[in-house]
$ cat data_6.cif   # mmCIF, C-alpha atoms
data_target
loop_
_atom_site.label_atom_id
_atom_site.label_comp_id
_atom_site.auth_asym_id
_atom_site.auth_seq_id
_atom_site.Cartn_x
_atom_site.Cartn_y
_atom_site.Cartn_z
CA MET N 182 25.55 9.91 11.53
CA SER N 183 22.25 11.75 11.20
CA GLN N 184 19.04 9.75 10.89
CA PRO N 185 17.18 9.74 7.56
CA PRO N 186 13.83 11.57 7.91
CA LEU N 187 11.87 8.38 7.13
CA ARG N 188 12.40 4.81 8.19
CA ALA N 189 10.38 1.74 7.16
CA VAL N 190 10.20 -1.92 8.18
CA LEU N 191 8.46 -4.58 6.10
CA ILE N 192 6.38 -7.07 8.07
CA PRO N 193 4.91 -9.92 5.96
CA VAL N 194 1.44 -10.84 7.27
CA THR N 195 -1.33 -13.38 6.60
CA PRO N 196 -0.90 -16.70 4.77
CA LEU N 197 -0.65 -14.61 1.57
CA GLN N 198 2.62 -13.03 2.83
CA GLN N 199 1.47 -9.48 2.19
CA ASN N 200 3.98 -6.73 3.00
CA CYS N 201 2.56 -4.61 5.80
CA THR N 202 4.90 -1.61 6.20
CA LEU N 203 5.53 0.20 9.45
CA LEU N 204 6.90 3.59 8.42
CA TRP N 205 7.77 6.46 10.68
CA CYS N 206 9.10 10.00 10.91
CA THR N 207 12.44 9.85 12.75
CA GLN N 208 12.03 13.46 13.92
CA THR N 209 8.81 12.76 15.84
CA MET N 210 8.89 8.92 16.14
CA ARG N 211 5.28 8.94 14.99
CA GLY N 212 4.33 6.39 12.38
CA ALA N 213 1.70 4.57 10.34
CA PHE N 214 0.94 1.02 9.35
CA VAL N 215 0.40 0.67 5.61
CA ASP N 216 -1.87 -2.26 4.72
CA PRO N 217 -2.11 -4.09 8.08
CA GLY N 218 -4.01 -7.11 6.76
CA GLY N 219 -3.57 -9.36 9.80
CA ASP N 220 -1.17 -10.82 12.40
CA LEU N 221 -1.84 -7.85 14.66
CA PRO N 222 0.23 -9.06 17.68
CA LYS N 223 3.28 -9.20 15.38
CA LEU N 224 2.59 -5.66 14.13
CA ARG N 225 2.18 -4.21 17.61
CA ALA N 226 5.40 -5.93 18.73
CA VAL N 227 7.42 -4.40 15.88
CA ALA N 228 6.08 -0.89 16.61
CA ALA N 229 6.98 -1.30 20.30
CA GLU N 230 10.43 -2.64 19.45
CA GLN N 231 11.14 0.39 17.21
CA GLY N 232 9.74 2.85 19.76
CA VAL N 233 7.17 4.16 17.27
CA THR N 234 3.85 5.75 18.26
CA VAL N 235 1.44 4.67 15.51
CA GLU N 236 -0.93 7.53 14.68
CA LYS N 237 -2.86 6.18 11.67
CA ILE N 238 -3.44 3.36 9.20
CA LEU N 239 -2.93 3.94 5.47
CA LEU N 240 -4.51 1.59 2.93
CA THR N 241 -3.57 1.14 -0.72
CA HIS N 242 -6.63 -0.94 -1.62
CA GLY N 243 -9.48 -3.05 -0.33
CA HIS N 244 -8.26 -6.65 -0.74
CA ILE N 245 -8.46 -8.97 2.27
CA ASP N 246 -4.69 -9.49 2.73
CA HIS N 247 -4.14 -5.71 2.81
CA CYS N 248 -6.94 -4.55 5.06
CA GLY N 249 -8.82 -7.54 6.53
CA GLU N 250 -7.98 -6.59 10.13
CA ALA N 251 -7.40 -2.85 9.63
CA ALA N 252 -10.64 -2.00 11.43
CA VAL N 253 -9.71 -4.18 14.42
CA LEU N 254 -6.28 -2.53 14.71
CA ALA N 255 -7.75 0.96 14.32
CA GLN N 256 -10.17 0.27 17.16
CA GLU N 257 -7.46 -1.22 19.40
CA LEU N 258 -5.07 1.71 18.89
CA ARG N 259 -7.85 4.34 18.58
CA ILE N 260 -6.42 5.70 15.37
CA PRO N 261 -7.98 6.69 12.02
CA ILE N 262 -7.91 4.80 8.70
CA GLU N 263 -7.04 6.81 5.57
CA GLY N 264 -7.57 5.27 2.12
CA PRO N 265 -8.17 3.76 -0.28
CA GLU N 266 -10.19 5.58 -2.98
CA GLN N 267 -13.99 5.19 -2.84
CA ALA N 268 -14.20 2.83 -5.82
CA ASP N 269 -12.87 0.06 -3.53
CA ARG N 270 -16.05 0.09 -1.41
CA PHE N 271 -16.98 -3.07 -3.35
CA TRP N 272 -13.99 -4.95 -1.89
CA ILE N 273 -14.25 -3.58 1.64
CA ALA N 274 -17.94 -4.57 1.79
CA ARG N 275 -17.05 -8.22 1.08
CA LEU N 276 -14.11 -8.58 3.49
CA GLU N 277 -15.95 -11.00 5.76
CA GLU N 278 -16.95 -13.23 2.86
CA ASP N 279 -13.42 -13.14 1.34
CA GLY N 280 -11.93 -13.83 4.77
CA ARG N 281 -13.83 -17.12 4.98
CA LYS N 282 -12.50 -18.08 1.55
CA TYR N 283 -8.86 -17.40 2.46
CA GLY N 284 -8.94 -18.34 6.13
CA ILE N 285 -8.18 -14.76 7.21
CA ARG N 286 -10.30 -12.59 9.49
CA GLY N 287 -12.07 -9.90 7.48
CA VAL N 288 -13.95 -7.00 9.09
CA PRO N 289 -15.74 -4.51 6.80
CA PHE N 290 -15.34 -0.83 7.74
CA GLU N 291 -15.74 2.76 6.58
CA PRO N 292 -12.40 4.62 6.46
CA ASP N 293 -12.18 7.90 8.34
CA ARG N 294 -10.96 9.45 5.10
CA TRP N 295 -11.33 8.25 1.53
CA LEU N 296 -8.41 9.41 -0.62
CA GLU N 297 -8.30 10.92 -4.11
CA GLU N 298 -5.65 11.78 -6.69
CA GLY N 299 -3.73 14.85 -5.52
CA ASP N 300 -4.44 14.39 -1.80
CA GLN N 301 -1.68 14.34 0.78
CA VAL N 302 -1.40 12.25 3.93
CA THR N 303 0.92 13.08 6.81
CA VAL N 304 2.89 10.82 9.14
CA GLY N 305 4.59 12.81 11.88
CA ALA N 306 6.36 15.67 10.05
CA LEU N 307 6.39 13.79 6.71
CA ALA N 308 3.97 14.35 3.83
CA PHE N 309 3.08 11.71 1.23
CA ASP N 310 1.48 12.47 -2.12
CA VAL N 311 -1.47 10.27 -3.11
CA TYR N 312 -1.84 8.88 -6.64
CA HIS N 313 -4.96 7.04 -7.79
CA CYS N 314 -3.65 3.98 -9.67
CA PRO N 315 -6.56 1.76 -10.76
CA GLY N 316 -6.18 -1.55 -12.58
CA HIS N 317 -5.61 -4.19 -9.90
CA THR N 318 -8.61 -2.72 -8.07
CA PRO N 319 -10.61 0.35 -9.14
CA GLY N 320 -9.83 2.36 -6.00
CA HIS N 321 -6.14 1.52 -5.59
CA VAL N 322 -3.88 4.35 -4.39
CA VAL N 323 -0.09 4.74 -4.13
CA PHE N 324 1.75 6.79 -1.50
CA HIS N 325 4.91 8.70 -2.51
CA GLN N 326 7.34 10.56 -0.25
CA PRO N 327 9.33 12.78 -2.65
CA GLU N 328 12.19 13.78 -0.32
CA SER N 329 12.91 10.16 0.60
CA LYS N 330 12.33 8.92 -2.98
CA LEU N 331 10.11 6.15 -1.63
CA ALA N 332 6.77 4.87 -2.94
CA LEU N 333 4.38 2.35 -1.41
CA VAL N 334 2.65 0.84 -4.41
CA GLY N 335 0.52 -1.98 -3.00
CA ASP N 336 -0.30 -4.49 -5.74
CA VAL N 337 0.16 -2.21 -8.76
CA LEU N 338 3.77 -3.18 -9.42
CA PHE N 339 6.16 -5.89 -8.16
CA ARG N 340 9.79 -6.66 -8.74
CA GLY N 341 9.62 -8.38 -12.15
CA SER N 342 5.82 -8.47 -12.29
CA VAL N 343 2.56 -6.53 -11.89
CA GLY N 344 -0.64 -6.92 -9.92
CA ARG N 345 -3.23 -9.46 -11.01
CA THR N 346 -6.03 -8.21 -13.23
CA ASP N 347 -8.30 -11.25 -13.22
CA PHE N 348 -10.41 -10.10 -10.25
CA PRO N 349 -13.86 -8.50 -10.48
CA LEU N 350 -13.49 -4.81 -11.46
CA SER N 351 -9.83 -5.26 -12.49
CA ASP N 352 -8.69 -3.57 -15.71
CA PRO N 353 -5.40 -4.64 -17.37
CA ALA N 354 -5.18 -1.56 -19.62
CA ALA N 355 -5.78 0.77 -16.66
CA LEU N 356 -3.02 -0.98 -14.70
CA VAL N 357 -0.45 -0.37 -17.45
CA GLN N 358 -1.66 3.23 -17.77
CA SER N 359 -1.27 3.73 -14.00
CA VAL N 360 2.31 2.46 -14.03
CA VAL N 361 3.42 4.41 -17.08
CA THR N 362 1.66 7.74 -16.38
CA LYS N 363 1.77 7.85 -12.56
CA LEU N 364 4.76 5.78 -11.37
CA TRP N 365 7.48 6.18 -14.02
CA PRO N 366 7.40 10.02 -13.82
CA LEU N 367 8.35 9.76 -10.12
CA GLY N 368 11.89 8.93 -11.25
CA ASP N 369 14.10 5.92 -11.94
CA ASP N 370 15.85 6.28 -8.56
CA THR N 371 12.59 6.00 -6.60
CA VAL N 372 12.55 2.86 -4.47
CA PHE N 373 9.18 1.16 -4.12
CA ILE N 374 7.77 -1.23 -1.56
CA PRO N 375 5.29 -3.60 -3.22
CA GLY N 376 2.45 -5.49 -1.60
CA HIS N 377 4.30 -8.80 -1.97
CA GLY N 378 7.94 -9.75 -2.42
CA PRO N 379 11.13 -7.68 -2.38
CA ALA N 380 11.51 -3.94 -2.96
CA SER N 381 12.90 -2.60 -6.24
CA ASN N 382 13.20 0.76 -7.98
CA PHE N 383 11.37 2.18 -10.96
CA GLY N 384 14.50 2.37 -13.14
CA HIS N 385 15.20 -1.34 -12.71
CA GLU N 386 11.59 -2.20 -13.59
CA ARG N 387 11.61 0.07 -16.66
CA ARG N 388 14.69 -1.79 -17.90
CA THR N 389 13.67 -5.35 -17.01
CA ASN N 390 9.98 -5.79 -16.16
CA PRO N 391 8.45 -8.20 -18.72
CA PHE N 392 4.97 -6.64 -18.36
CA VAL N 393 5.47 -2.86 -18.10
CA GLY N 394 9.15 -2.32 -18.90
CA ASP N 395 9.99 0.00 -21.77
CA ALA N 396 11.01 -2.88 -24.06
CA ALA N 397 7.88 -4.90 -23.28
CA LEU N 398 5.58 -1.99 -24.02
CA SER N 399 7.37 -0.89 -27.20
CA ALA N 400 7.01 -4.45 -28.52
CA ASN N 401 3.22 -4.30 -28.23
#
$ encode --input "data_6.cif" --output "structure tokens"
Amino acid sequence: MSQPPLRAVLIPVTPLQQNCTLLWCTQTMRGAFVDPGGDLPKLRAVAAEQGVTVEKILLTHGHIDHCGEAAVLAQELRIPIEGPEQADRFWIARLEEDGRKYGIRGVPFEPDRWLEEGDQVTVGALAFDVYHCPGHTPGHVVFHQPESKLALVGDVLFRGSVGRTDFPLSDPAALVQSVVTKLWPLGDDTVFIPGHGPASNFGHERRTNPFVGDAALSAN
């Protein structure tokens, strides 16, 4: 049987059980860590076990559980960090302070590349489209691989829920707008990996999600 072009493994990290994703291009065996918030020995072990050469770090947003140790890993592996969007500078600047609060190591950094709506990032021979999806944080981005019908949505959307909007700079209306105008058009059969909890697909969430499902929004 031929290999799919993209493979992904979810690796929950930090006491907040954040889904770090190791994804890779099966043609080149080159990959990326998406949101490596901590537990770096575990992450390196999974990459070695899968035979993946990690070539970059991709970040959906600047919260501690998603990127607290991204700078440390980037330095260790000598690889660049791409993402999030510049509006999350606020969160990245306070990683050390937030780390003390949550008992997680937090190291502020400057990404090698800030991302914007319409950008693309590559992993091996694969290309991912970048969507700016504010609401949970102002600079949150989502990565979508059209051919594989896979999206990495960070904390915008979860199975049966949505990202919190009670943080500084959060915006509940913007979050709903991001889901409805950016994510739903990607197609009901698109599978998404959220920042916490199990994967789902957009069609299931449109039918059942109590916050952003079609029925919930038409009732408002």
$ closest_atom_pairs --input "data_6.cif" --of "stretch 211-251 of chain N" --to "stretch 260-263 of chain N" --cutoff "7 Å" --atoms "only C-alpha atoms" --output "tab-separated table"
residue	atom	partner	partner_atom	distance
N:Glu236	CA	N:Ile260	CA	5.8
N:Lys237	CA	N:Ile260	CA	5.2
N:Ile238	CA	N:Ile262	CA	4.7
N:Leu239	CA	N:Glu263	CA	5.0
N:Leu240	CA	N:Glu263	CA	6.4
$ resolve_selection --input "data_6.cif" --expression "the PyMOL selection byres ((chain N and resi 385) around 12)" --output "list in words"
Phe339, Arg340, Gly341, Ser342, Trp365, Gly368, Asp369, Asp370, Thr371, Val372, Phe373, Ala380, Ser381, Asn382, Phe383, Gly384, Glu386, Arg387, Arg388, Thr389, Asn390, Pro391, Val393, Gly394 and Asp395 of chain N
$ resolve_selection --input "data_6.cif" --expression "the PyMOL selection byres ((chain N and resi 220-226) around 7)" --output "list in words"
Val194, Thr195, Gly219, Val227, Ala228, Ala229, Glu230 and Leu254 of chain N
$ resolve_selection --input "data_6.cif" --expression "the PyMOL selection byres ((chain N and resi 328) around 12)" --output "PyMOL selection string"
chain N and resi 185-187+307-310+325-327+329-332+367-368+370-372
$ write_last_selection --input "data_6.cif" --atoms "C-alpha atoms" --output "mmCIF file, in the coordinates of the input"
data_model
loop_
_atom_site.group_PDB
_atom_site.id
_atom_site.type_symbol
_atom_site.label_atom_id
_atom_site.label_comp_id
_atom_site.auth_asym_id
_atom_site.auth_seq_id
_atom_site.Cartn_x
_atom_site.Cartn_y
_atom_site.Cartn_z
ATOM 1 C CA PRO N 185 17.180 9.740 7.560
ATOM 2 C CA PRO N 186 13.830 11.570 7.910
ATOM 3 C CA LEU N 187 11.870 8.380 7.130
ATOM 4 C CA LEU N 307 6.390 13.790 6.710
ATOM 5 C CA ALA N 308 3.970 14.350 3.830
ATOM 6 C CA PHE N 309 3.080 11.710 1.230
ATOM 7 C CA ASP N 310 1.480 12.470 -2.120
ATOM 8 C CA HIS N 325 4.910 8.700 -2.510
ATOM 9 C CA GLN N 326 7.340 10.560 -0.250
ATOM 10 C CA PRO N 327 9.330 12.780 -2.650
ATOM 11 C CA SER N 329 12.910 10.160 0.600
ATOM 12 C CA LYS N 330 12.330 8.920 -2.980
ATOM 13 C CA LEU N 331 10.110 6.150 -1.630
ATOM 14 C CA ALA N 332 6.770 4.870 -2.940
ATOM 15 C CA LEU N 367 8.350 9.760 -10.120
ATOM 16 C CA GLY N 368 11.890 8.930 -11.250
ATOM 17 C CA ASP N 370 15.850 6.280 -8.560
ATOM 18 C CA THR N 371 12.590 6.000 -6.600
ATOM 19 C CA VAL N 372 12.550 2.860 -4.470
#
$ residues_around --input "data_6.cif" --residues "N:Ser359" --least-positions-apart "4" --cutoff "7 Å" --atoms "all atoms listed in the file" --output "VMD selection string"
chain N and resid 314 to 315 355 363 to 364
$ write_last_selection --input "data_6.cif" --atoms "C-alpha atoms" --output "compact mmCIF listing (two decimals), keeping the file's coordinate frame"
# COMPACT_ATOMS: atom_id res chain seq x y z
CA CYS N 314 -3.65 3.98 -9.67
CA PRO N 315 -6.56 1.76 -10.76
CA ALA N 355 -5.78 0.77 -16.66
CA LYS N 363 1.77 7.85 -12.56
CA LEU N 364 4.76 5.78 -11.37
$ atom_distance --input "data_6.cif" --atom1 "atom CA of N:Leu333" --atom2 "atom CA of N:Ile285"
22.9 Å
$ atom_distance --input "data_6.cif" --atom1 "atom CA of N:Thr234" --atom2 "atom CA of N:Asp293"
19.0 Å
$ closest_residue --input "data_6.cif" --among "N:Ala274, N:Leu398, N:Ala213, N:Val288" --to "N:Leu258" --atoms "all atoms listed in the file"
N:Ala213
$ closest_residue --input "data_6.cif" --among "N:Gly376, N:Ile273, N:Ala189, N:Pro366" --to "N:Val337" --atoms "all atoms listed in the file"
N:Gly376
$ residues_around --input "data_6.cif" --residues "N:Gly316" --least-positions-apart "2" --cutoff "6 Å" --atoms "all atoms listed in the file" --output "list in words"
Thr318, Pro319, Ser351, Asp352, Pro353, Ala355 and Leu356 of chain N
